[in-house]
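Peer 1: Right, I'll just put the structure down here and ask away after.
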Amino acid sequence: MILDLPAGRALRRFRRLNGIKQGHVAELLGVSQGSVSRWESGAHEPEADHRERIFTLIAARANNDADAALRRLVSSSTLAVHLVCDATHRLLAASPSRLASWAVRADDYVGRSLWPFASPEIMAAEAALRDQGWFEQPYQRLRFQTGSNDSDVIAVHPSLMQWETIPLADGRVGRLTTTIG
């Protein structure tokens, strides 16, 4: 599932973090450099098939050995925290405290998007990220109140939530999601 996320801005952040030129990304995606430029500037949105290719290119992967220490820290944290790909919301790791409120094992969801379990407040916070410059810089932090998602599978409870971006070893970006209090 590809979300209604700003593909162009996420692509620009990925390119900048990795020192990749627009022309090279254009070759990888099978489009012109002008198309990449227009997507990144927000002048045009890529069509569905191009969005799919963009998110496949920039998606963080759960099996990257270079980020094993980060996954281990998240997986052993005493805080209610999980790590997802910032572009796709695919789960990369979750702490025991986070998993205590879920009716699934982390292994069953690693690599799968948690977006279907977003509360209305999480959806609203995500929708506001573009205008807040979230995709312009590698290190971002946001705190907001969320309500329940009414899910018995992966529950979100009313709480103060904190999102922080973390550049991963392969140049992709993770989002550390922590429940505060």
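Following the order of the structure tokens, chains are lettered A, B, ..., residues in each are numbered from 1, and ligands are numbered from 1.
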To test your reading of the structure, identify every residue in stretch 78-167 of chain A that backbone DSSP assigns to alpha helix (DSSP H), and report it as a list in words.
Peer 2: Pro96, Ser97, Arg98, Leu99, Ala106, Asp107, Asp108, Tyr109, Pro120, Glu121, Ile122, Met123, Ala124, Ala125, Glu126, Ala127 and Ala128 of chain A
Peer 1: Could those residues be written to a file, using N, CA and C atoms, as a short mmCIF file (atom, residue, chain, number, x, y, z; two decimals), in the first residue's frame?
Peer 2:
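out-v1.cif, freshly written:
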```
data_model
loop_
_atom_site.label_atom_id
_atom_site.label_comp_id
_atom_site.auth_asym_id
_atom_site.auth_seq_id
_atom_site.Cartn_x
_atom_site.Cartn_y
_atom_site.Cartn_z
N PRO A 96 9.49 -4.25 23.84
CA PRO A 96 8.53 -5.10 24.57
C PRO A 96 7.36 -4.30 25.16
N SER A 97 7.65 -3.09 25.63
CA SER A 97 6.59 -2.25 26.19
C SER A 97 5.57 -1.88 25.13
N ARG A 98 6.02 -1.59 23.92
CA ARG A 98 5.09 -1.28 22.82
C ARG A 98 4.30 -2.54 22.46
N LEU A 99 4.98 -3.66 22.36
CA LEU A 99 4.34 -4.91 21.96
C LEU A 99 3.31 -5.38 22.99
N ALA A 106 5.97 -8.88 16.91
CA ALA A 106 6.68 -7.94 16.05
C ALA A 106 7.11 -8.61 14.76
N ASP A 107 7.59 -9.84 14.85
CA ASP A 107 8.06 -10.56 13.66
C ASP A 107 6.98 -10.69 12.60
N ASP A 108 5.71 -10.74 13.03
CA ASP A 108 4.62 -10.86 12.07
C ASP A 108 4.38 -9.57 11.30
N TYR A 109 4.87 -8.43 11.84
CA TYR A 109 4.62 -7.14 11.20
C TYR A 109 5.87 -6.44 10.70
N PRO A 120 -7.01 8.83 14.05
CA PRO A 120 -7.31 10.07 13.31
C PRO A 120 -6.28 11.18 13.59
N GLU A 121 -5.79 11.25 14.82
CA GLU A 121 -4.80 12.27 15.16
C GLU A 121 -3.45 11.99 14.50
N ILE A 122 -3.09 10.73 14.39
CA ILE A 122 -1.85 10.37 13.70
C ILE A 122 -1.98 10.73 12.22
N MET A 123 -3.13 10.45 11.63
CA MET A 123 -3.36 10.80 10.22
C MET A 123 -3.26 12.31 10.02
N ALA A 124 -3.83 13.08 10.93
CA ALA A 124 -3.78 14.55 10.82
C ALA A 124 -2.35 15.05 10.99
N ALA A 125 -1.60 14.48 11.93
CA ALA A 125 -0.21 14.88 12.14
C ALA A 125 0.62 14.56 10.89
N GLU A 126 0.39 13.40 10.31
CA GLU A 126 1.11 13.01 9.08
C GLU A 126 0.79 13.98 7.95
N ALA A 127 -0.47 14.34 7.81
CA ALA A 127 -0.88 15.24 6.73
C ALA A 127 -0.25 16.61 6.87
N ALA A 128 0.07 17.03 8.09
CA ALA A 128 0.66 18.35 8.32
C ALA A 128 2.18 18.38 8.16
#
```
Peer 1: Would you mind listing what lies within 8 Å of A:Ser119 as a list in words, with only C-alpha atoms counted and same-chain residues fewer than 5 positions away left out?
Peer 2: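 Counting only the stated atoms, we get Thr146, Gly147, Ser148, Asn149 and Val156 of chain A.
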Peer 1: Identify, on the basis of only C-alpha atoms, every residue whose closest approach to A:Gly111 does not exceed 9 Å; exclude the query and any residue fewer than 5 positions from it along the same chain; express the result as a list in words.
Peer 2: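 In the requested form, the answer reads Ala60, Arg61, Ala62, Asn63, Val84, Cys85, His89, Arg90, Leu91 and Leu92 of chain A.
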Peer 1: Could you give me, as JSON, numbers by chain, the residues within 12 Å of A:Gly181, counting only C-alpha atoms and dropping anything in the same chain fewer than 4 positions from it?
Peer 2: {"A": [79, 80, 81, 145, 157, 158, 159, 160, 161, 162]}
Peer 1: For the residues in that selection, give me N, CA and C atoms as a compact mmCIF listing (two decimals), in the first residue's frame.
Peer 2:
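See selection_30.txt below for the written result:
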```txt
# COMPACT_ATOMS: atom_id res chain seq x y z
N LEU A 79 11.00 1.77 27.15
CA LEU A 79 9.97 2.72 26.74
C LEU A 79 9.02 2.08 25.73
N ALA A 80 7.84 2.63 25.61
CA ALA A 80 6.90 2.19 24.56
C ALA A 80 7.32 2.89 23.28
N VAL A 81 8.10 2.18 22.47
CA VAL A 81 8.71 2.78 21.28
C VAL A 81 8.74 1.78 20.14
N GLN A 145 -0.75 15.09 20.71
CA GLN A 145 -1.68 14.22 21.43
C GLN A 145 -2.40 13.33 20.41
N HIS A 157 -3.33 4.02 22.04
CA HIS A 157 -4.08 4.53 23.17
C HIS A 157 -3.92 6.04 23.27
N PRO A 158 -4.88 6.74 23.83
CA PRO A 158 -4.73 8.19 24.01
C PRO A 158 -3.45 8.49 24.79
N SER A 159 -2.62 9.35 24.22
CA SER A 159 -1.33 9.65 24.85
C SER A 159 -0.64 10.80 24.13
N LEU A 160 0.47 11.22 24.71
CA LEU A 160 1.36 12.16 24.03
C LEU A 160 2.34 11.31 23.23
N MET A 161 2.42 11.58 21.95
CA MET A 161 3.28 10.81 21.06
C MET A 161 4.41 11.70 20.55
N GLN A 162 5.57 11.11 20.42
CA GLN A 162 6.72 11.84 19.86
C GLN A 162 7.27 11.09 18.67
```
Peer 1: Mind dumping a table of every stretch 83-176 of chain A residue within 7 Å of stretch 64-72 of chain A, with the nearest atom pair and its distance in Å to one decimal, using only C-alpha atoms, sorted by chain and rising number, as a Markdown table?
Peer 2:
```
| residue | atom | partner | partner_atom | distance |
| --- | --- | --- | --- | --- |
| A:Ala93 | CA | A:Arg71 | CA | 5.6 |
| A:Leu168 | CA | A:Asp67 | CA | 6.7 |
| A:Ala169 | CA | A:Ala66 | CA | 5.8 |
```
Peer 1: Got time to write the residues from that selection, N, CA and C atoms, as a tab-separated table (two decimals), in the first residue's frame?
Peer 2:
```tsv
chain	number	residue	atom	x	y	z
A	93	ALA	N	11.29	-2.22	13.98
A	93	ALA	CA	11.55	-2.80	15.30
A	93	ALA	C	10.54	-2.23	16.30
A	168	LEU	N	19.22	6.40	8.62
A	168	LEU	CA	19.73	5.04	8.76
A	168	LEU	C	21.02	4.89	7.97
A	169	ALA	N	21.72	3.81	8.21
A	169	ALA	CA	23.04	3.60	7.62
A	169	ALA	C	23.02	3.60	6.09
```
Peer 1: Can you measure atom CA of A:Gln137 to atom CA of A:Trp163 for me? One decimal in Å is fine.
Peer 2: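 Going from atom CA of A:Gln137 over to atom CA of A:Trp163, I get 14.0 Å.
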Peer 1: Rounded to one decimal, what separation in Å do you get between atom CA of A:Ser113 and atom CA of A:Ala94?
Peer 2: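 That distance, rounded to one decimal, is 13.1 Å.
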Peer 1: Closest to A:Phe14 among A:Leu29, A:Val110, A:Arg130, A:Asp86, using only C-alpha atoms?
Peer 2: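 Nearest candidate to A:Phe14 out of A:Leu29, A:Val110, A:Arg130, A:Asp86: A:Asp86.
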Peer 1: Counting only C-alpha atoms, which residue out of A:Pro46, A:Arg12, A:Ser95, A:Ile58 sits closest to A:Gly171?
Peer 2: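 Of the candidates, the smallest distance to A:Gly171 is held by A:Ile58.
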Peer 1: I'd like the contact shell of stretch 22-25 of chain A - 12 Å cut-off, only C-alpha atoms, skipping same-chain residues fewer than 5 positions apart - returned as a PyMOL selection string.
Peer 2: chain A and resi 8+11-16+30-41+50+53-54+57-58
Peer 1: Let's have the selection written as a short mmCIF file (atom, residue, chain, number, x, y, z; two decimals), in the first residue's frame, with N, CA, C and O atoms.
Peer 2:
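For reference, result_30.cif as written:
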```cif
data_model
loop_
_atom_site.label_atom_id
_atom_site.label_comp_id
_atom_site.auth_asym_id
_atom_site.auth_seq_id
_atom_site.Cartn_x
_atom_site.Cartn_y
_atom_site.Cartn_z
N GLY A 8 7.70 13.33 -3.73
CA GLY A 8 8.77 14.18 -4.25
C GLY A 8 9.68 14.71 -3.17
O GLY A 8 10.91 14.68 -3.31
N LEU A 11 11.71 11.93 -1.72
CA LEU A 11 12.76 11.57 -2.67
C LEU A 11 13.92 12.58 -2.59
O LEU A 11 15.09 12.20 -2.59
N ARG A 12 13.59 13.87 -2.51
CA ARG A 12 14.64 14.89 -2.42
C ARG A 12 15.48 14.69 -1.16
O ARG A 12 16.70 14.78 -1.19
N ARG A 13 14.81 14.41 -0.02
CA ARG A 13 15.57 14.18 1.22
C ARG A 13 16.47 12.97 1.06
O ARG A 13 17.64 13.00 1.43
N PHE A 14 15.96 11.89 0.47
CA PHE A 14 16.77 10.69 0.24
C PHE A 14 17.99 11.02 -0.62
O PHE A 14 19.10 10.62 -0.32
N ARG A 15 17.76 11.76 -1.70
CA ARG A 15 18.86 12.11 -2.60
C ARG A 15 19.92 12.93 -1.88
O ARG A 15 21.12 12.68 -2.00
N ARG A 16 19.48 13.93 -1.11
CA ARG A 16 20.42 14.81 -0.42
C ARG A 16 21.22 14.06 0.64
O ARG A 16 22.41 14.30 0.79
N GLY A 30 13.55 5.43 -14.48
CA GLY A 30 13.12 5.37 -15.87
C GLY A 30 12.31 6.57 -16.31
O GLY A 30 11.36 6.43 -17.08
N VAL A 31 12.69 7.76 -15.80
CA VAL A 31 12.00 9.01 -16.15
C VAL A 31 13.05 10.06 -16.50
O VAL A 31 14.25 9.83 -16.40
N SER A 32 12.59 11.23 -16.89
CA SER A 32 13.52 12.32 -17.20
C SER A 32 13.95 13.03 -15.92
O SER A 32 13.25 12.98 -14.90
N GLN A 33 15.08 13.71 -16.00
CA GLN A 33 15.56 14.51 -14.87
C GLN A 33 14.55 15.62 -14.58
O GLN A 33 14.33 15.97 -13.42
N GLY A 34 13.90 16.15 -15.59
CA GLY A 34 12.88 17.18 -15.41
C GLY A 34 11.71 16.69 -14.58
O GLY A 34 11.15 17.44 -13.77
N SER A 35 11.31 15.43 -14.79
CA SER A 35 10.22 14.86 -13.99
C SER A 35 10.61 14.80 -12.52
O SER A 35 9.83 15.18 -11.64
N VAL A 36 11.83 14.35 -12.25
CA VAL A 36 12.31 14.29 -10.86
C VAL A 36 12.32 15.68 -10.26
O VAL A 36 11.86 15.89 -9.13
N SER A 37 12.78 16.65 -11.01
CA SER A 37 12.83 18.04 -10.53
C SER A 37 11.43 18.55 -10.19
O SER A 37 11.21 19.16 -9.13
N ARG A 38 10.48 18.30 -11.06
CA ARG A 38 9.10 18.76 -10.83
C ARG A 38 8.46 18.06 -9.63
O ARG A 38 7.74 18.67 -8.85
N TRP A 39 8.75 16.76 -9.45
CA TRP A 39 8.23 16.04 -8.29
C TRP A 39 8.81 16.62 -7.00
O TRP A 39 8.10 16.86 -6.04
N GLU A 40 10.12 16.82 -7.01
CA GLU A 40 10.79 17.31 -5.80
C GLU A 40 10.36 18.72 -5.43
O GLU A 40 10.29 19.06 -4.25
N SER A 41 10.07 19.55 -6.41
CA SER A 41 9.65 20.92 -6.13
C SER A 41 8.18 21.00 -5.73
O SER A 41 7.73 22.02 -5.22
N HIS A 50 4.84 5.48 -10.68
CA HIS A 50 6.10 6.14 -10.31
C HIS A 50 6.21 6.29 -8.80
O HIS A 50 7.29 6.14 -8.23
N ARG A 53 7.46 3.07 -7.43
CA ARG A 53 8.91 2.92 -7.66
C ARG A 53 9.71 3.82 -6.73
O ARG A 53 10.77 3.42 -6.23
N ILE A 54 9.23 5.04 -6.50
CA ILE A 54 9.94 5.97 -5.59
C ILE A 54 9.99 5.38 -4.19
O ILE A 54 11.05 5.32 -3.56
N LEU A 57 12.34 2.56 -3.85
CA LEU A 57 13.72 3.03 -3.82
C LEU A 57 14.12 3.58 -2.46
O LEU A 57 15.19 3.28 -1.95
N ILE A 58 13.25 4.36 -1.83
CA ILE A 58 13.63 5.06 -0.61
C ILE A 58 13.22 4.34 0.68
O ILE A 58 13.61 4.77 1.76
#
```
Peer 1: So what do you get for atom CA of A:Leu142 versus atom CA of A:Leu176, distance-wise?
Peer 2: 10.6 Å
Peer 1: Report as a PyMOL selection string all protein, DNA and RNA residues lying within 7 Å of A:Gln140, evaluated on only C-alpha atoms, omitting residues in the same chain fewer than 5 positions from it.
Peer 2: chain A and resi 134+164-165
Peer 1: What are the DSSP strand (DSSP E) residues of stretch 28-180 of chain A, as a count of residues only?
Peer 2: 32
Peer 1: Pick the closest to A:Ala100 from A:Ala43, A:Val173, A:Ala7, A:Ile154: which is it, counting only C-alpha atoms?
Peer 2: A:Ile154
